[in-house]
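Notes follow once the structure below has been shown.
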Amino acid sequence: METSDHKDKISASELANLWTQYINDSLARCMFLYFLNHVKDKDIIQVLQYALELTERHLQKVEVFLAKEGYPTPKGFTDEDVTVEAPPLFTDTYIIVYLHIMAVHGLTRYAGAIGNVVREDQRKYFKGVISETLELHDMATKVLTEKGIISKPPSLNNHQNVEFIKKQDFIKGWLGKRRPISAVEISGIYLNLQKTLTKTVLELGFSQVAKSKEVRKFMERSRDLCNKHFKMLSSMLIEENLHIPRTFETEVTDSIISPFSDKLMMFHISTLLSSAIGYYGEAMSMCQRKDLSLDFAKMIAEIGLLAEDGMNILIDNGWMEQPPLATDHEDLAKNKR
């Protein structure tokens, strides 16, 4: 039987949700403050202001939750990590694209968070966070659509019949005639194309303003790999005579003055690389053609190695904040002796 004290105590999963959200929202706050200092488009300003309001509200709420449980507030990212007066590094067009993809990341993260939440106040909180992020996603998508910025995924002809798979040939993809790509496979490929091109633009901008040679080199490596993956993903659609999304490299300005700390830029790209492993894995799980699954497996392995290198740079420079850990009882016993 659980004691009342155990039932009321926040779980490790709930603590992880709050801790991770604080780190990520403190980073987002720095990005949004900088963007707001330069954006000109009134529609995009409205979306940005709402995004900033959400991050600040979440930071305050998480701080209250952690204090109530006796846990320290993470350092995360602060005003020291952003110079809002730095010249614009990205155009308004890229800013709304960035907001859209970050909303997608948030929805994925919060949906996963609520899956391991038990306590009522935490359930209520993350239900609200999901609702707010859905609104942000809707606002960003509306602006992208109305301004003709977003590239919609390919459409299929509507001459489809209800059929059942009769041969194992359906899953083959290496030798002989391959079946056409399915709508389910297109969905996963296209989302990963959109995420990859968004990350590539960030890496391009960060590489020209980073102060550290090590960070600049990592950004260039990361961009090279993302470009390689973009070509691999694109070929999956082009071979089927389907279009790919537009790219946004031209939305990076010629500024060489960094608006962000190297710590923030390294953390941002490293975590986006790590999250890409999950998105690739989800897309791979939806692939029923072996050649597509193999390509995703290769990309997961490559991006995993790069993400590890990014984490090592963060650790070597003292930039990687440690999450809450379980008690090391063995170490306590050794110290007791």
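For the structure tokens, the naming scheme is as follows: chains receive sequential letters (A, B, ...) according to their order of presentation, residues are indexed from 1 within each chain, and ligands are indexed from 1 in presentation order.
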Residues of range 168-248 of chain A at most 12 Å from range 315-329 of chain A: nearest atom pair and distance in Å, only C-alpha atoms, as a Markdown table:
```
| residue | atom | partner | partner_atom | distance |
| --- | --- | --- | --- | --- |
| A:Ser212 | CA | A:Asn317 | CA | 10.8 |
| A:Glu214 | CA | A:Asn317 | CA | 10.5 |
| A:Val215 | CA | A:Asn317 | CA | 10.6 |
```
Can those selected residues be exported to a file as a short mmCIF file (atom, residue, chain, number, x, y, z; two decimals), in the first residue's frame so that it contains C-alpha atoms?
```cif
data_model
loop_
_atom_site.label_atom_id
_atom_site.label_comp_id
_atom_site.auth_asym_id
_atom_site.auth_seq_id
_atom_site.Cartn_x
_atom_site.Cartn_y
_atom_site.Cartn_z
CA SER A 212 34.68 29.39 -30.63
CA GLU A 214 35.37 24.32 -32.01
CA VAL A 215 31.70 25.38 -32.09
#
```
Legend entry - For Tyr34 in chain A: contacts at 9 Å, only C-alpha atoms, fewer than 2 positions along chain excluded, given as a list of chain:residue names: A:Arg29, A:Cys30, A:Met31, A:Phe32, A:Leu36, A:Asn37, A:His38, A:Val39, A:Val82, A:Thr83, A:Val84, A:Glu85, A:Ala86, A:Pro88, A:Pro259, A:Phe260
Legend entry - Filtered DSSP result for range 220-323 of chain A, state alpha helix (DSSP H), as a ChimeraX atom specification: /A:220-238,262-286,290-316
Given only C-alpha atoms, how would the per-residue table for range 114-227 of chain A near range 262-273 of chain A read, listing every residue at most 12 Å away with its closest atom pair and distance in Å to one decimal, sorted by chain and number, as JSON lines?
```
{"residue": "A:Asn192", "atom": "CA", "partner": "A:Leu273", "partner_atom": "CA", "distance": 11.7}
{"residue": "A:Lys195", "atom": "CA", "partner": "A:Leu272", "partner_atom": "CA", "distance": 9.2}
{"residue": "A:Thr196", "atom": "CA", "partner": "A:Leu273", "partner_atom": "CA", "distance": 9.3}
{"residue": "A:Leu197", "atom": "CA", "partner": "A:Leu272", "partner_atom": "CA", "distance": 12.0}
{"residue": "A:Thr198", "atom": "CA", "partner": "A:Leu272", "partner_atom": "CA", "distance": 10.3}
{"residue": "A:Lys199", "atom": "CA", "partner": "A:Ile269", "partner_atom": "CA", "distance": 7.5}
{"residue": "A:Thr200", "atom": "CA", "partner": "A:Ile269", "partner_atom": "CA", "distance": 9.5}
{"residue": "A:Val201", "atom": "CA", "partner": "A:Ile269", "partner_atom": "CA", "distance": 10.9}
{"residue": "A:Leu202", "atom": "CA", "partner": "A:Ile269", "partner_atom": "CA", "distance": 8.0}
{"residue": "A:Glu203", "atom": "CA", "partner": "A:Ile269", "partner_atom": "CA", "distance": 7.3}
{"residue": "A:Leu204", "atom": "CA", "partner": "A:Ile269", "partner_atom": "CA", "distance": 11.1}
{"residue": "A:Gly205", "atom": "CA", "partner": "A:Met265", "partner_atom": "CA", "distance": 10.0}
{"residue": "A:Phe206", "atom": "CA", "partner": "A:Met265", "partner_atom": "CA", "distance": 6.7}
{"residue": "A:Ser207", "atom": "CA", "partner": "A:Met265", "partner_atom": "CA", "distance": 9.3}
{"residue": "A:Gln208", "atom": "CA", "partner": "A:Asp262", "partner_atom": "CA", "distance": 11.6}
{"residue": "A:Val209", "atom": "CA", "partner": "A:Asp262", "partner_atom": "CA", "distance": 9.0}
{"residue": "A:Ala210", "atom": "CA", "partner": "A:Asp262", "partner_atom": "CA", "distance": 5.9}
{"residue": "A:Lys211", "atom": "CA", "partner": "A:Asp262", "partner_atom": "CA", "distance": 6.7}
{"residue": "A:Ser212", "atom": "CA", "partner": "A:Asp262", "partner_atom": "CA", "distance": 7.1}
{"residue": "A:Lys213", "atom": "CA", "partner": "A:Asp262", "partner_atom": "CA", "distance": 10.2}
{"residue": "A:Glu214", "atom": "CA", "partner": "A:Asp262", "partner_atom": "CA", "distance": 9.8}
{"residue": "A:Val215", "atom": "CA", "partner": "A:Met266", "partner_atom": "CA", "distance": 6.8}
{"residue": "A:Arg216", "atom": "CA", "partner": "A:Asp262", "partner_atom": "CA", "distance": 9.1}
{"residue": "A:Lys217", "atom": "CA", "partner": "A:Met266", "partner_atom": "CA", "distance": 11.1}
{"residue": "A:Phe218", "atom": "CA", "partner": "A:Met266", "partner_atom": "CA", "distance": 8.4}
{"residue": "A:Met219", "atom": "CA", "partner": "A:Ile269", "partner_atom": "CA", "distance": 8.0}
{"residue": "A:Glu220", "atom": "CA", "partner": "A:Ile269", "partner_atom": "CA", "distance": 11.4}
{"residue": "A:Arg221", "atom": "CA", "partner": "A:Ile269", "partner_atom": "CA", "distance": 11.4}
{"residue": "A:Ser222", "atom": "CA", "partner": "A:Ile269", "partner_atom": "CA", "distance": 8.3}
{"residue": "A:Arg223", "atom": "CA", "partner": "A:Ile269", "partner_atom": "CA", "distance": 10.0}
{"residue": "A:Leu225", "atom": "CA", "partner": "A:Leu273", "partner_atom": "CA", "distance": 10.4}
{"residue": "A:Cys226", "atom": "CA", "partner": "A:Leu273", "partner_atom": "CA", "distance": 9.3}
```
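Contact shell of Pro74 in chain A at 8 Å (only C-alpha atoms; same-chain neighbours under 5 positions omitted): Trp19, Tyr22, Ile23 and Glu321 of chain A.
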Legend entry - Minimum-distance residue to Asp138 in chain A, chosen among A:Leu107, A:Pro180, A:Asn116, A:Leu191 (using only C-alpha atoms):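 Smallest distance to Asp138 in chain A is found for A:Leu107.
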Legend entry - Residue neighbourhood Leu156 in chain A, 12 Å, only C-alpha atoms, exclusion window fewer than 4 positions, as a PyMOL selection string: chain A and resi 160+180-184+186-187+240-243
Inset, instruction - Rank A:Thr91, A:Gln194, A:Thr55, A:Ser26 by their smallest atom-to-atom distance to Ser255 in chain A, using only C-alpha atoms, and report the top residue only. - result: A:Thr91
Inset, instruction - Could you tell me how far CA of Lys231 in chain A lies from CA of Ala103 in chain A, in Å and to one decimal? - result: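 Result for CA of Lys231 in chain A versus CA of Ala103 in chain A: 24.5 Å, one decimal.
For range 97-102 of chain A, the non-local neighbours within 8 Å, defined as residues at least 4 positions apart in the same chain or in other chains and counting only C-alpha atoms, are Leu48, Thr93, Gly106, Leu136, His137, Ala140, Thr141, Leu144, Ile150, Gln194, Lys195 and Thr198 of chain A.
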Inset, instruction - Quote the spacing between CA of Arg119 in chain A and CA of Lys61 in chain A in Å to one decimal place. - result: 15.6 Å
Inset, instruction - With a distance cut-off of 12 Å and only C-alpha atoms, select the neighbouring residues of Lys127 in chain A, excluding the residue or stretch itself and same-chain residues fewer than 2 positions from it, and output the selection as number ranges by chain. - result: A: 107, 110-115, 117, 120-125, 129-134
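Of the listed residues (A:Val118, A:Ile96, A:Val47, A:Val62), A:Val118 comes nearest to Asp8 in chain A; the distances count only C-alpha atoms.
Considering only C-alpha atoms, the residue among A:Ala67, A:Ile244, A:Leu314, A:Ala301 positioned nearest to Phe230 in chain A is A:Ile244.
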Legend entry - Option closest in space to Val143 in chain A, from A:Glu249, A:Asp92, A:Glu63, A:Glu69 [counting only C-alpha atoms]: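 Of all the options, A:Asp92 lies closest to Val143 in chain A.
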Inset, instruction - Grab the CA of Ile189 in chain A to CA of Gly278 in chain A distance for me, in Å with one decimal place. - result: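 Spanning CA of Ile189 in chain A to CA of Gly278 in chain A is a straight-line distance of 13.1 Å.
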